[in-house]
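structure.cif (mmCIF, C-alpha atoms)
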data_coords
#
loop_
_atom_site.label_atom_id
_atom_site.label_comp_id
_atom_site.auth_asym_id
_atom_site.auth_seq_id
_atom_site.Cartn_x
_atom_site.Cartn_y
_atom_site.Cartn_z
CA MET A 84 0.00 0.00 0.00
CA SER A 85 1.38 3.40 -0.91
CA LYS A 86 2.18 6.25 1.47
CA ASP A 87 -0.64 8.22 -0.17
CA PHE A 88 -3.19 5.74 1.14
CA GLN A 89 -5.83 7.70 3.01
CA LYS A 90 -8.78 6.44 4.95
CA SER A 91 -11.68 6.89 2.61
CA THR A 92 -14.83 5.12 1.49
CA LEU A 93 -15.73 3.96 -1.99
CA ILE A 94 -19.46 3.85 -2.72
CA ILE A 95 -20.31 1.58 -5.65
CA GLY A 96 -23.90 1.85 -6.84
CA TYR A 97 -24.77 -0.55 -9.61
CA GLY A 98 -27.72 -1.73 -11.65
CA ASN A 99 -29.49 -1.15 -14.94
CA LEU A 100 -31.10 2.31 -15.08
CA LEU A 101 -33.37 1.11 -17.91
CA ARG A 102 -34.87 -1.72 -15.82
CA SER A 103 -36.89 0.31 -13.30
CA ASP A 104 -35.99 -0.73 -9.71
CA ASP A 105 -32.77 -2.42 -10.86
CA GLY A 106 -31.17 1.03 -11.19
CA ILE A 107 -31.67 1.94 -7.51
CA GLY A 108 -27.99 1.37 -6.67
CA GLN A 109 -26.92 4.03 -9.13
CA TYR A 110 -29.62 6.46 -7.98
CA ILE A 111 -28.50 6.15 -4.37
CA ALA A 112 -24.82 6.51 -5.30
CA LYS A 113 -25.62 9.71 -7.22
CA ALA A 114 -27.47 11.07 -4.18
CA ILE A 115 -24.42 10.32 -2.01
CA LEU A 116 -22.19 12.06 -4.55
CA ALA A 117 -24.27 15.20 -3.93
CA TRP A 118 -23.17 15.09 -0.27
CA GLU A 119 -19.76 16.29 -1.53
CA VAL A 120 -17.85 14.59 1.29
CA PRO A 121 -14.12 14.66 0.44
CA TYR A 122 -13.35 11.21 1.87
CA ILE A 123 -16.19 9.51 -0.05
CA LYS A 124 -15.53 8.42 -3.63
CA VAL A 125 -18.47 7.27 -5.77
CA ILE A 126 -18.75 4.91 -8.72
CA CYS A 127 -22.04 4.50 -10.61
CA THR A 128 -22.02 1.57 -12.99
CA HIS A 129 -24.31 -0.73 -14.90
CA GLN A 130 -22.53 -3.78 -13.47
CA LEU A 131 -19.52 -4.66 -11.34
CA GLN A 132 -16.34 -5.16 -13.35
CA PRO A 133 -12.84 -6.38 -12.44
CA GLU A 134 -11.42 -2.94 -13.28
CA ILE A 135 -13.01 -1.62 -10.07
CA ALA A 136 -10.43 -3.64 -8.10
CA GLU A 137 -7.87 -0.88 -8.56
CA ASN A 138 -10.26 1.64 -6.95
CA LEU A 139 -10.94 -0.78 -4.09
CA SER A 140 -7.22 -1.15 -3.44
CA THR A 141 -6.92 2.56 -2.58
CA VAL A 142 -9.64 2.93 0.07
CA SER A 143 -10.20 1.79 3.64
CA TYR A 144 -13.90 1.02 3.24
CA ALA A 145 -16.33 0.08 0.50
CA ILE A 146 -20.11 0.09 0.34
CA PHE A 147 -21.83 -1.72 -2.52
CA ILE A 148 -25.43 -0.77 -3.31
CA ASP A 149 -27.78 -2.95 -5.35
CA ALA A 150 -31.43 -3.92 -5.73
CA TYR A 151 -32.96 -7.27 -4.85
CA LEU A 152 -36.28 -8.77 -5.87
CA ALA A 153 -38.51 -8.40 -2.83
CA HIS A 154 -41.23 -10.94 -2.29
CA ARG A 155 -42.55 -10.84 1.26
CA ASN A 156 -39.57 -9.12 2.85
CA LYS A 157 -39.36 -5.52 1.69
CA ARG A 158 -36.65 -4.33 4.05
CA THR A 159 -33.46 -2.56 3.09
CA LEU A 160 -30.65 -4.87 4.14
CA ILE A 161 -27.07 -4.05 5.06
CA TYR A 162 -24.41 -6.58 5.95
CA PRO A 163 -20.65 -7.09 5.73
CA VAL A 164 -19.06 -8.51 2.58
CA PHE A 165 -15.92 -10.62 2.54
CA THR A 166 -13.70 -12.28 -0.03
CA ASP A 167 -14.70 -15.66 -1.45
CA PHE A 168 -11.76 -17.90 -2.29
CA THR A 169 -14.00 -20.96 -2.74
CA ARG A 170 -15.15 -20.07 -6.26
CA ASN A 171 -13.50 -19.46 -9.58
CA HIS A 172 -14.04 -15.84 -10.47
CA SER A 173 -14.94 -14.75 -13.96
CA SER A 174 -13.88 -11.57 -15.68
CA HIS A 175 -17.30 -11.53 -17.37
CA TRP A 176 -19.38 -10.92 -14.26
CA CYS A 177 -18.63 -9.96 -10.68
CA THR A 178 -20.27 -10.02 -7.30
CA PRO A 179 -19.06 -7.86 -4.43
CA GLN A 180 -17.41 -10.97 -2.95
CA SER A 181 -15.62 -11.87 -6.17
CA LEU A 182 -14.52 -8.28 -6.70
CA LEU A 183 -12.99 -8.18 -3.22
CA THR A 184 -11.26 -11.49 -3.94
CA ILE A 185 -9.84 -10.15 -7.20
CA THR A 186 -8.67 -7.05 -5.33
CA TYR A 187 -6.92 -9.20 -2.74
CA LYS A 188 -5.29 -11.45 -5.33
CA ILE A 189 -3.87 -8.48 -7.25
CA TYR A 190 -3.08 -6.02 -4.44
CA ASN A 191 -2.80 -8.32 -1.39
CA TYR A 192 -5.40 -6.11 0.28
CA TYR A 193 -9.12 -5.43 0.26
CA PRO A 194 -11.14 -2.80 2.16
CA ARG A 195 -13.58 -3.51 4.94
CA SER A 196 -16.85 -3.73 3.02
CA TRP A 197 -20.63 -3.80 3.26
CA ILE A 198 -23.47 -4.32 0.84
CA VAL A 199 -26.74 -2.44 0.96
CA LYS A 200 -29.55 -4.37 -0.71
CA VAL A 201 -32.61 -2.28 -1.57
CA PRO A 202 -35.95 -3.99 -2.23
CA GLY A 203 -37.48 -3.79 -5.66
CA ILE A 204 -40.61 -5.25 -7.21
CA ASN A 205 -40.50 -3.87 -10.75
CA PHE A 206 -37.58 -4.92 -12.95
CA SER A 207 -39.33 -4.43 -16.28
CA ILE A 208 -38.15 -2.01 -18.95
CA GLY A 209 -38.63 1.54 -17.76
CA GLU A 210 -37.07 4.29 -15.69
CA THR A 211 -39.67 4.66 -12.93
CA LEU A 212 -39.02 3.40 -9.42
CA SER A 213 -41.74 1.52 -7.56
CA LEU A 214 -43.02 2.81 -4.22
CA THR A 215 -41.10 -0.07 -2.58
CA SER A 216 -37.80 1.11 -4.06
CA LYS A 217 -38.54 4.76 -3.31
CA GLN A 218 -39.04 3.86 0.35
CA GLY A 219 -35.89 1.70 0.25
CA PHE A 220 -33.99 4.64 -1.25
CA LYS A 221 -34.69 6.78 1.81
CA VAL A 222 -33.84 3.99 4.25
CA ALA A 223 -30.62 3.16 2.39
CA LEU A 224 -29.43 6.77 2.46
CA GLN A 225 -30.11 6.97 6.20
CA ARG A 226 -28.28 3.71 6.90
CA ILE A 227 -25.31 4.61 4.74
CA HIS A 228 -25.10 8.02 6.39
CA SER A 229 -25.21 6.35 9.83
CA LEU A 230 -22.54 3.87 8.79
CA VAL A 231 -20.10 6.51 7.54
CA GLN A 232 -20.74 8.62 10.66
CA SER A 233 -20.34 5.69 13.05
CA LYS A 234 -17.31 4.46 14.91
CA ILE A 235 -17.36 1.36 12.68
CA ILE A 236 -15.78 3.44 9.96
CA ASP A 237 -12.89 5.30 11.56
CA TYR A 238 -11.32 8.16 9.62
CA ALA A 239 -9.06 9.31 12.45
#
Output the file's structure in the form of structure tokens.
Amino acid sequence: MSKDFQKSTLIIGYGNLLRSDDGIGQYIAKAILAWEVPYIKVICTHQLQPEIAENLSTVSYAIFIDAYLAHRNKRTLIYPVFTDFTRNHSSHWCTPQSLLTITYKIYNYYPRSWIVKVPGINFSIGETLSLTSKQGFKVALQRIHSLVQSKIIDYA
């Protein structure tokens, strides 16, 4: 790790903006970008790609944001993410776990990470969020704000 390494957080919001609720990760990441916090970096992307590993290697913390198909449970979920050395990882698709594993294999490091899963019920073609995702949007922003303000993430 270089001397220039600073404690910072990388927010990665991903999903397809043309598939209604699937784009919620990007919408939330864009809202966080508007916070203009100097120690928060933001990536908005259609899907996770191995190239993001370089960005992950330069931060202390990472928060991935994505939608999930909500059936009965319509809660916004947040939980830690770790590497996964038990699977072969493809350069054609990534999960947060595989991306952290790639980061570790290349840079011998990965940041402490979480994933925020926002409920969605409409993944059809369109650009309108469902009421479920709109409510999840607000909850996700509150939880992410609490996480970056907490003692769990230490910028001292």
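Nearest residue to Val222 of chain A, choosing from A:Tyr122, A:Ile204, A:Gly209, A:Lys157 and counting only C-alpha atoms: A:Lys157.
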Would you list the contacts of segment 195-202 of chain A as a PyMOL selection string, taking every protein, DNA or RNA residue within 7 Å and counting only C-alpha atoms, but skipping same-chain residues closer than 4 positions in sequence?
chain A and resi 143-153+157-165+215-216+219+223
Find the residues around segment 103-113 of chain A up to 6 Å (all atoms listed in the file counted), leave out those fewer than 5 positions away in its own chain, and share them as an MDAnalysis selection string.
chainID A and resid 96:98 127 148:150 203 205:206 209:212
Would you mind reading off the distance between atom CA of Val120 of chain A and atom CA of Glu137 of chain A, one decimal, in Å?
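Taking atom CA of Val120 of chain A as the start and atom CA of Glu137 of chain A as the end point, the length is 20.9 Å.
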I'd like the interatomic distance between atom CA of Lys90 of chain A and atom CA of Gln232 of chain A, to a tenth of an Å.
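These two atoms are separated by 13.4 Å.
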Residues matched by the PyMOL selection byres ((chain A and resi 138) around 12) as a VMD selection string
chain A and resid 88 91 to 95 124 to 126 132 to 137 139 to 145 182 to 183 185 to 186 189 to 190 192 to 194
Work out how far atom CA of Thr128 of chain A is from atom CA of Thr184 of chain A, in Å to one decimal.
19.2 Å
Using the atoms already present, construct N, CA and C atoms for segment 114-129 of chain A and hand them back as an mmCIF file, keeping the file's coordinate frame.
data_model
loop_
_atom_site.group_PDB
_atom_site.id
_atom_site.type_symbol
_atom_site.label_atom_id
_atom_site.label_comp_id
_atom_site.auth_asym_id
_atom_site.auth_seq_id
_atom_site.Cartn_x
_atom_site.Cartn_y
_atom_site.Cartn_z
ATOM 1 N N ALA A 114 -27.022 10.229 -5.296
ATOM 2 C CA ALA A 114 -27.470 11.070 -4.180
ATOM 3 C C ALA A 114 -26.339 11.254 -3.171
ATOM 4 N N ILE A 115 -25.553 10.221 -2.937
ATOM 5 C CA ILE A 115 -24.420 10.320 -2.010
ATOM 6 C C ILE A 115 -23.342 11.232 -2.596
ATOM 7 N N LEU A 116 -23.150 11.175 -3.887
ATOM 8 C CA LEU A 116 -22.190 12.060 -4.550
ATOM 9 C C LEU A 116 -22.544 13.531 -4.270
ATOM 10 N N ALA A 117 -23.823 13.831 -4.198
ATOM 11 C CA ALA A 117 -24.270 15.200 -3.930
ATOM 12 C C ALA A 117 -23.928 15.655 -2.505
ATOM 13 N N TRP A 118 -23.596 14.713 -1.611
ATOM 14 C CA TRP A 118 -23.170 15.090 -0.270
ATOM 15 C C TRP A 118 -21.853 15.866 -0.310
ATOM 16 N N GLU A 119 -21.058 15.639 -1.342
ATOM 17 C CA GLU A 119 -19.760 16.290 -1.530
ATOM 18 C C GLU A 119 -18.851 16.137 -0.319
ATOM 19 N N VAL A 120 -18.747 14.901 0.176
ATOM 20 C CA VAL A 120 -17.850 14.590 1.290
ATOM 21 C C VAL A 120 -16.493 14.200 0.697
ATOM 22 N N PRO A 121 -15.419 14.891 1.092
ATOM 23 C CA PRO A 121 -14.120 14.660 0.440
ATOM 24 C C PRO A 121 -13.560 13.247 0.604
ATOM 25 N N TYR A 122 -13.895 12.547 1.672
ATOM 26 C CA TYR A 122 -13.350 11.210 1.870
ATOM 27 C C TYR A 122 -14.261 10.105 1.307
ATOM 28 N N ILE A 123 -15.316 10.491 0.607
ATOM 29 C CA ILE A 123 -16.190 9.510 -0.050
ATOM 30 C C ILE A 123 -16.013 9.626 -1.558
ATOM 31 N N LYS A 124 -15.629 8.511 -2.172
ATOM 32 C CA LYS A 124 -15.530 8.420 -3.630
ATOM 33 C C LYS A 124 -16.743 7.615 -4.100
ATOM 34 N N VAL A 125 -17.253 7.922 -5.277
ATOM 35 C CA VAL A 125 -18.470 7.270 -5.770
ATOM 36 C C VAL A 125 -18.248 6.735 -7.183
ATOM 37 N N ILE A 126 -18.703 5.503 -7.385
ATOM 38 C CA ILE A 126 -18.750 4.910 -8.720
ATOM 39 C C ILE A 126 -20.184 4.501 -8.993
ATOM 40 N N CYS A 127 -20.724 4.934 -10.127
ATOM 41 C CA CYS A 127 -22.040 4.500 -10.610
ATOM 42 C C CYS A 127 -21.775 3.666 -11.851
ATOM 43 N N THR A 128 -22.302 2.451 -11.866
ATOM 44 C CA THR A 128 -22.020 1.570 -12.990
ATOM 45 C C THR A 128 -23.182 0.621 -13.246
ATOM 46 N N HIS A 129 -23.268 0.205 -14.487
ATOM 47 C CA HIS A 129 -24.310 -0.730 -14.900
ATOM 48 C C HIS A 129 -24.106 -2.090 -14.218
#
